[in-house]
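Below is one structure, written out as structure tokens; the observations come after it.
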Amino acid sequence: MRKLLAYSPLSTADQRELADLPFQYRSLGPGMTILREGDHAQVCPILLSGFAFRYKLAADGGRQIVALRIPGDPLDFQSLYLRTVDHHMRSLTAVELALVPLAALEQLADMRRSIARAILVDILVEASIGREWQLNVGRRHALPRLAHFLCELAYRLEVIEPRARAGFDVPLTQEQLADILGLTPVHVNRTLKALEQAGAVARSGRRLRATDLGLLASFADFAPLYLHRDNA
């Protein structure tokens with residue numbers, strides 16, 4: 001609810017109708033499949049807790065992570081309108097999911113225009129983030145590329161965790177960061193060392209924490225317009 005309200009106005013009645021949607025609860029461990037490319041989805045998973053990622057596979061088995069999903073995110077609004085799932089979705093950490101039948105969600109969207117609009121806005125914002133990721137991988141050098149991703153994550157987490165911009169733990173390994181950023185794990189490690197020496201991140205073993213968002217934003221020349229946080 002907080003995720004949708006961050007971008008779209010919803011009345012008390014709208015929120016009550018959303019809360020009354022039927023769902024099945026499911027918990028999964030890290031690295032578990034949520035959606036498979038080629039599936040014909042019957043439910044829209046809502047991420048209640050934990051992190052998940054959307055990815056595509058190349059013919060040689062290479063993986064590109066194309067979206068990171070955070071608590072509160074609907075994982076498959078597009079199956080309301082597209083018949084076949086065109087990507088893979090996997091849990092990054094342990095996750096809790098609410099599996100909402102697409103038929104019930106479609107019926108509610110048909111009945112309440114404001115909810116249909118909120119779904120559309122969520123899809124559009126996700127597309128905007130996807131365009132920024134394409135620019136990030138295609139045109140930014142390694143250090144601003146990584147700094148930009150961390151800034152974005154802070155702004156997105158702020159919707160559910162108001163203190164995220166003061167610092168947050170990054171739930172990704174270097175290998176996973178490499179699959180997001182289109183870099184090798186070795187290049188990611190070198191880039192993290194540079195950010196660590198500058199005081200923008202801190203590392204303890206495999207644990208990574210973003211500690212200075214202002215410094216990261218200066219490295220990335222970060223502008224959050226594409227996140228459309230002013231929309232609501």
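By convention here, the chains of the structure tokens are called A, B, ... in the order presented, each chain's residues are numbered starting at 1, and ligands are numbered starting at 1 in the order presented.
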
Excluding Met111 (chain A) and any residue of its chain fewer than 6 positions from it, enumerate the residues within 12 Å of it, using only C-alpha atoms, and give them as number ranges by chain. A: 14, 17-18, 104-105, 117

Written selection (N, CA and C atoms) as a short mmCIF file (atom, residue, chain, number, x, y, z; two decimals), in the first residue's frame:
```cif
data_model
loop_
_atom_site.label_atom_id
_atom_site.label_comp_id
_atom_site.auth_asym_id
_atom_site.auth_seq_id
_atom_site.Cartn_x
_atom_site.Cartn_y
_atom_site.Cartn_z
N ASP A 14 -10.47 2.80 -1.73
CA ASP A 14 -9.53 2.10 -2.61
C ASP A 14 -8.61 1.20 -1.79
N GLU A 17 -10.35 -1.87 -0.48
CA GLU A 17 -10.56 -2.87 -1.53
C GLU A 17 -9.26 -3.63 -1.82
N LEU A 18 -8.14 -2.92 -1.86
CA LEU A 18 -6.85 -3.59 -2.08
C LEU A 18 -6.52 -4.54 -0.94
N ALA A 104 -8.69 -11.68 -9.83
CA ALA A 104 -9.26 -10.79 -8.82
C ALA A 104 -8.70 -9.38 -8.95
N LEU A 105 -7.41 -9.29 -9.24
CA LEU A 105 -6.79 -7.98 -9.40
C LEU A 105 -7.33 -7.27 -10.63
N ARG A 117 -5.30 3.15 -12.41
CA ARG A 117 -4.30 4.18 -12.66
C ARG A 117 -3.05 3.93 -11.83
#
```

Those of region 90-134 of chain A in DSSP strand (DSSP E), formatted as a ChimeraX atom specification: /A:90-91,95-101

Report as a ChimeraX atom specification all protein, DNA and RNA residues lying within 12 Å of Val170 (chain A), evaluated on only C-alpha atoms, omitting residues in the same chain fewer than 6 positions from it. /A:50-51,68,70,92-93,146,149-154,157,164,176-177,201-204,206-211

For the structure I just gave you, how does DSSP split region 79-121 of chain A - specifically, which residues are helix (DSSP H, G or I)? Reply as a list in words. Ser79, Leu80, Leu102, Ala103, Ala104, Leu105, Glu106, Gln107, Leu108, Ala109, Asp110, Met111, Arg113, Ser114, Ile115, Ala116, Arg117, Ala118, Ile119, Leu120 and Val121 of chain A

If you keep N, CA and C atoms, can you produce a file of those selected residues as a PDB file, in the first residue's frame?
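The file below, selection19.pdb, is the result:
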```
ATOM      1  N   SER A  79       1.623  -9.147 -16.178  1.00  0.00           N
ATOM      2  CA  SER A  79       0.826 -10.298 -16.596  1.00  0.00           C
ATOM      3  C   SER A  79      -0.673 -10.024 -16.565  1.00  0.00           C
ATOM      4  N   LEU A  80      -1.073  -8.854 -16.035  1.00  0.00           N
ATOM      5  CA  LEU A  80      -2.459  -8.426 -16.201  1.00  0.00           C
ATOM      6  C   LEU A  80      -2.774  -8.168 -17.671  1.00  0.00           C
ATOM      7  N   LEU A 102      -4.531 -13.064 -10.429  1.00  0.00           N
ATOM      8  CA  LEU A 102      -4.619 -12.008 -11.433  1.00  0.00           C
ATOM      9  C   LEU A 102      -6.066 -11.696 -11.793  1.00  0.00           C
ATOM     10  N   ALA A 103      -6.924 -12.710 -11.775  1.00  0.00           N
ATOM     11  CA  ALA A 103      -8.332 -12.487 -12.126  1.00  0.00           C
ATOM     12  C   ALA A 103      -8.989 -11.526 -11.136  1.00  0.00           C
ATOM     13  N   ALA A 104      -8.686 -11.679  -9.833  1.00  0.00           N
ATOM     14  CA  ALA A 104      -9.259 -10.788  -8.818  1.00  0.00           C
ATOM     15  C   ALA A 104      -8.696  -9.384  -8.946  1.00  0.00           C
ATOM     16  N   LEU A 105      -7.407  -9.293  -9.239  1.00  0.00           N
ATOM     17  CA  LEU A 105      -6.788  -7.982  -9.401  1.00  0.00           C
ATOM     18  C   LEU A 105      -7.327  -7.269 -10.635  1.00  0.00           C
ATOM     19  N   GLU A 106      -7.516  -8.006 -11.722  1.00  0.00           N
ATOM     20  CA  GLU A 106      -8.066  -7.414 -12.947  1.00  0.00           C
ATOM     21  C   GLU A 106      -9.496  -6.938 -12.725  1.00  0.00           C
ATOM     22  N   GLN A 107     -10.281  -7.719 -12.005  1.00  0.00           N
ATOM     23  CA  GLN A 107     -11.667  -7.332 -11.714  1.00  0.00           C
ATOM     24  C   GLN A 107     -11.706  -6.044 -10.893  1.00  0.00           C
ATOM     25  N   LEU A 108     -10.813  -5.940  -9.901  1.00  0.00           N
ATOM     26  CA  LEU A 108     -10.769  -4.731  -9.074  1.00  0.00           C
ATOM     27  C   LEU A 108     -10.339  -3.524  -9.903  1.00  0.00           C
ATOM     28  N   ALA A 109      -9.348  -3.701 -10.773  1.00  0.00           N
ATOM     29  CA  ALA A 109      -8.901  -2.603 -11.627  1.00  0.00           C
ATOM     30  C   ALA A 109     -10.012  -2.147 -12.573  1.00  0.00           C
ATOM     31  N   ASP A 110     -10.831  -3.091 -13.038  1.00  0.00           N
ATOM     32  CA  ASP A 110     -11.962  -2.744 -13.898  1.00  0.00           C
ATOM     33  C   ASP A 110     -13.024  -1.950 -13.143  1.00  0.00           C
ATOM     34  N   MET A 111     -13.186  -2.244 -11.868  1.00  0.00           N
ATOM     35  CA  MET A 111     -14.218  -1.602 -11.057  1.00  0.00           C
ATOM     36  C   MET A 111     -13.801  -0.211 -10.564  1.00  0.00           C
ATOM     37  N   ARG A 113     -11.298   2.930 -11.125  1.00  0.00           N
ATOM     38  CA  ARG A 113     -10.381   3.588 -12.056  1.00  0.00           C
ATOM     39  C   ARG A 113      -9.097   4.047 -11.368  1.00  0.00           C
ATOM     40  N   SER A 114      -9.199   4.499 -10.120  1.00  0.00           N
ATOM     41  CA  SER A 114      -8.018   4.996  -9.414  1.00  0.00           C
ATOM     42  C   SER A 114      -7.011   3.874  -9.156  1.00  0.00           C
ATOM     43  N   ILE A 115      -7.508   2.659  -8.917  1.00  0.00           N
ATOM     44  CA  ILE A 115      -6.604   1.528  -8.717  1.00  0.00           C
ATOM     45  C   ILE A 115      -5.963   1.131 -10.040  1.00  0.00           C
ATOM     46  N   ALA A 116      -6.743   1.152 -11.125  1.00  0.00           N
ATOM     47  CA  ALA A 116      -6.171   0.877 -12.450  1.00  0.00           C
ATOM     48  C   ALA A 116      -5.071   1.882 -12.771  1.00  0.00           C
ATOM     49  N   ARG A 117      -5.304   3.145 -12.414  1.00  0.00           N
ATOM     50  CA  ARG A 117      -4.296   4.184 -12.662  1.00  0.00           C
ATOM     51  C   ARG A 117      -3.049   3.928 -11.826  1.00  0.00           C
ATOM     52  N   ALA A 118      -3.215   3.535 -10.568  1.00  0.00           N
ATOM     53  CA  ALA A 118      -2.065   3.257  -9.706  1.00  0.00           C
ATOM     54  C   ALA A 118      -1.233   2.101 -10.259  1.00  0.00           C
ATOM     55  N   ILE A 119      -1.901   1.077 -10.787  1.00  0.00           N
ATOM     56  CA  ILE A 119      -1.182  -0.045 -11.406  1.00  0.00           C
ATOM     57  C   ILE A 119      -0.398   0.439 -12.620  1.00  0.00           C
ATOM     58  N   LEU A 120      -1.044   1.270 -13.464  1.00  0.00           N
ATOM     59  CA  LEU A 120      -0.375   1.795 -14.648  1.00  0.00           C
ATOM     60  C   LEU A 120       0.822   2.651 -14.269  1.00  0.00           C
ATOM     61  N   VAL A 121       0.663   3.510 -13.262  1.00  0.00           N
ATOM     62  CA  VAL A 121       1.775   4.363 -12.826  1.00  0.00           C
ATOM     63  C   VAL A 121       2.933   3.513 -12.332  1.00  0.00           C
TER      64      VAL A 121
END
```

So that I can see what lies close to Asp122 (chain A), please list as a ChimeraX atom specification the residues with an atom at most 12 Å from it, counting only C-alpha atoms and leaving out residues fewer than 5 positions away in the same chain. /A:1,3-8,72-78,115-117,127-129,227-229,231-232

Taking only C-alpha atoms into account, produce a table as JSON lines in which each residue of region 4-68 of chain A with an atom at most 8 Å from an atom of region 179-189 of chain A appears once, together with its shortest atom pair and the distance in Å to one decimal, ordered by chain and rising number.
```
{"residue": "A:Arg63", "atom": "CA", "partner": "A:Asp179", "partner_atom": "CA", "distance": 6.3}
{"residue": "A:Gln64", "atom": "CA", "partner": "A:Asp179", "partner_atom": "CA", "distance": 5.0}
{"residue": "A:Ile65", "atom": "CA", "partner": "A:Ile180", "partner_atom": "CA", "distance": 4.8}
{"residue": "A:Val66", "atom": "CA", "partner": "A:Ile180", "partner_atom": "CA", "distance": 6.5}
{"residue": "A:Ala67", "atom": "CA", "partner": "A:Ile180", "partner_atom": "CA", "distance": 7.9}
```

All residues 10 Å or closer to Asp86 (chain A), only C-alpha atoms, same chain fewer than 6 positions away omitted, as a list in words: Leu35, Arg36, Glu37, Gly38, Asp39, His40, Tyr55, Lys56, Gln78 and Ser79 of chain A

Using the selection just defined, write its residues with N, CA, C and O atoms as a PDB file, in the first residue's frame.
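See selection_31.pdb below for the written result:
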```pdb
ATOM      1  N   LEU A  35       9.293 -16.642 -10.761  1.00  0.00           N
ATOM      2  CA  LEU A  35       8.690 -16.661 -12.092  1.00  0.00           C
ATOM      3  C   LEU A  35       9.701 -17.241 -13.067  1.00  0.00           C
ATOM      4  O   LEU A  35      10.917 -17.069 -12.893  1.00  0.00           O
ATOM      5  N   ARG A  36       9.195 -17.907 -14.103  1.00  0.00           N
ATOM      6  CA  ARG A  36      10.058 -18.490 -15.122  1.00  0.00           C
ATOM      7  C   ARG A  36       9.670 -17.946 -16.479  1.00  0.00           C
ATOM      8  O   ARG A  36       8.491 -17.824 -16.796  1.00  0.00           O
ATOM      9  N   GLU A  37      10.662 -17.597 -17.292  1.00  0.00           N
ATOM     10  CA  GLU A  37      10.383 -17.146 -18.649  1.00  0.00           C
ATOM     11  C   GLU A  37       9.577 -18.205 -19.389  1.00  0.00           C
ATOM     12  O   GLU A  37       9.906 -19.398 -19.349  1.00  0.00           O
ATOM     13  N   GLY A  38       8.509 -17.772 -20.061  1.00  0.00           N
ATOM     14  CA  GLY A  38       7.639 -18.688 -20.777  1.00  0.00           C
ATOM     15  C   GLY A  38       6.413 -19.114 -19.996  1.00  0.00           C
ATOM     16  O   GLY A  38       5.492 -19.720 -20.566  1.00  0.00           O
ATOM     17  N   ASP A  39       6.375 -18.801 -18.681  1.00  0.00           N
ATOM     18  CA  ASP A  39       5.203 -19.150 -17.872  1.00  0.00           C
ATOM     19  C   ASP A  39       3.966 -18.367 -18.332  1.00  0.00           C
ATOM     20  O   ASP A  39       4.073 -17.272 -18.904  1.00  0.00           O
ATOM     21  N   HIS A  40       2.802 -18.935 -18.063  1.00  0.00           N
ATOM     22  CA  HIS A  40       1.527 -18.218 -18.190  1.00  0.00           C
ATOM     23  C   HIS A  40       1.039 -17.974 -16.761  1.00  0.00           C
ATOM     24  O   HIS A  40       0.478 -18.865 -16.127  1.00  0.00           O
ATOM     25  N   TYR A  55      15.779 -11.250 -14.120  1.00  0.00           N
ATOM     26  CA  TYR A  55      16.974 -11.429 -14.927  1.00  0.00           C
ATOM     27  C   TYR A  55      16.649 -12.079 -16.260  1.00  0.00           C
ATOM     28  O   TYR A  55      15.603 -12.692 -16.443  1.00  0.00           O
ATOM     29  N   LYS A  56      17.585 -11.910 -17.181  1.00  0.00           N
ATOM     30  CA  LYS A  56      17.535 -12.539 -18.502  1.00  0.00           C
ATOM     31  C   LYS A  56      18.812 -13.350 -18.679  1.00  0.00           C
ATOM     32  O   LYS A  56      19.866 -13.012 -18.135  1.00  0.00           O
ATOM     33  N   GLN A  78       2.673  -6.850 -15.048  1.00  0.00           N
ATOM     34  CA  GLN A  78       2.569  -6.902 -16.508  1.00  0.00           C
ATOM     35  C   GLN A  78       1.726  -8.085 -16.986  1.00  0.00           C
ATOM     36  O   GLN A  78       1.145  -8.046 -18.067  1.00  0.00           O
ATOM     37  N   SER A  79       1.623  -9.147 -16.178  1.00  0.00           N
ATOM     38  CA  SER A  79       0.826 -10.298 -16.596  1.00  0.00           C
ATOM     39  C   SER A  79      -0.673 -10.024 -16.565  1.00  0.00           C
ATOM     40  O   SER A  79      -1.464 -10.855 -17.026  1.00  0.00           O
TER      41      SER A  79
END
```

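Across the model, the gap from CA of Ala220 (chain A) to CA of Pro144 (chain A) is 4.2 Å.
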
In terms of the shortest atom-to-atom distance over only C-alpha atoms, which of A:Ile160, A:Arg54, A:Pro101, A:Tyr25 is closest to Pro71 (chain A)? A:Ile160

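The shortest atom-to-atom distance to Ile46 (chain A), with only C-alpha atoms taken into account, belongs to A:Val100 out of A:Ala13, A:Val100, A:Ala198, A:Ala178.
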
Expressed in Å, the length from CA of Ala200 (chain A) to CA of Asp221 (chain A) is 14.1 Å

Here CA of Pro224 (chain A) and CA of Val159 (chain A) stand apart by 13.6 Å

Counting only C-alpha atoms, which of A:Ala52, A:Arg131, A:Thr173, A:Ala166 gets nearest to Leu216 (chain A)? A:Ala166

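Minimum atom-to-atom distances from A:Leu21, A:Ala194, A:Leu99, A:Leu48 to Ala142 (chain A) were compared using only C-alpha atoms, and the lowest value belongs to A:Ala194.
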
Among A:Val85, A:Leu135, A:Leu172, A:Ala147, Leu215 (chain A) is approached most closely, using only C-alpha atoms, by A:Ala147

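For the set A:Arg26, A:Arg190, A:His141, A:Arg156, the residue with the smallest atom-to-atom gap to Ala98 (chain A) is A:Arg26, counting only C-alpha atoms.
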
What's around Ser91 (chain A) at 8 Å? Count only C-alpha atoms, leave out sequence neighbours fewer than 2 positions away in its own chain, and write the answer as a ChimeraX atom specification. /A:28-34,50-53,89,93-95
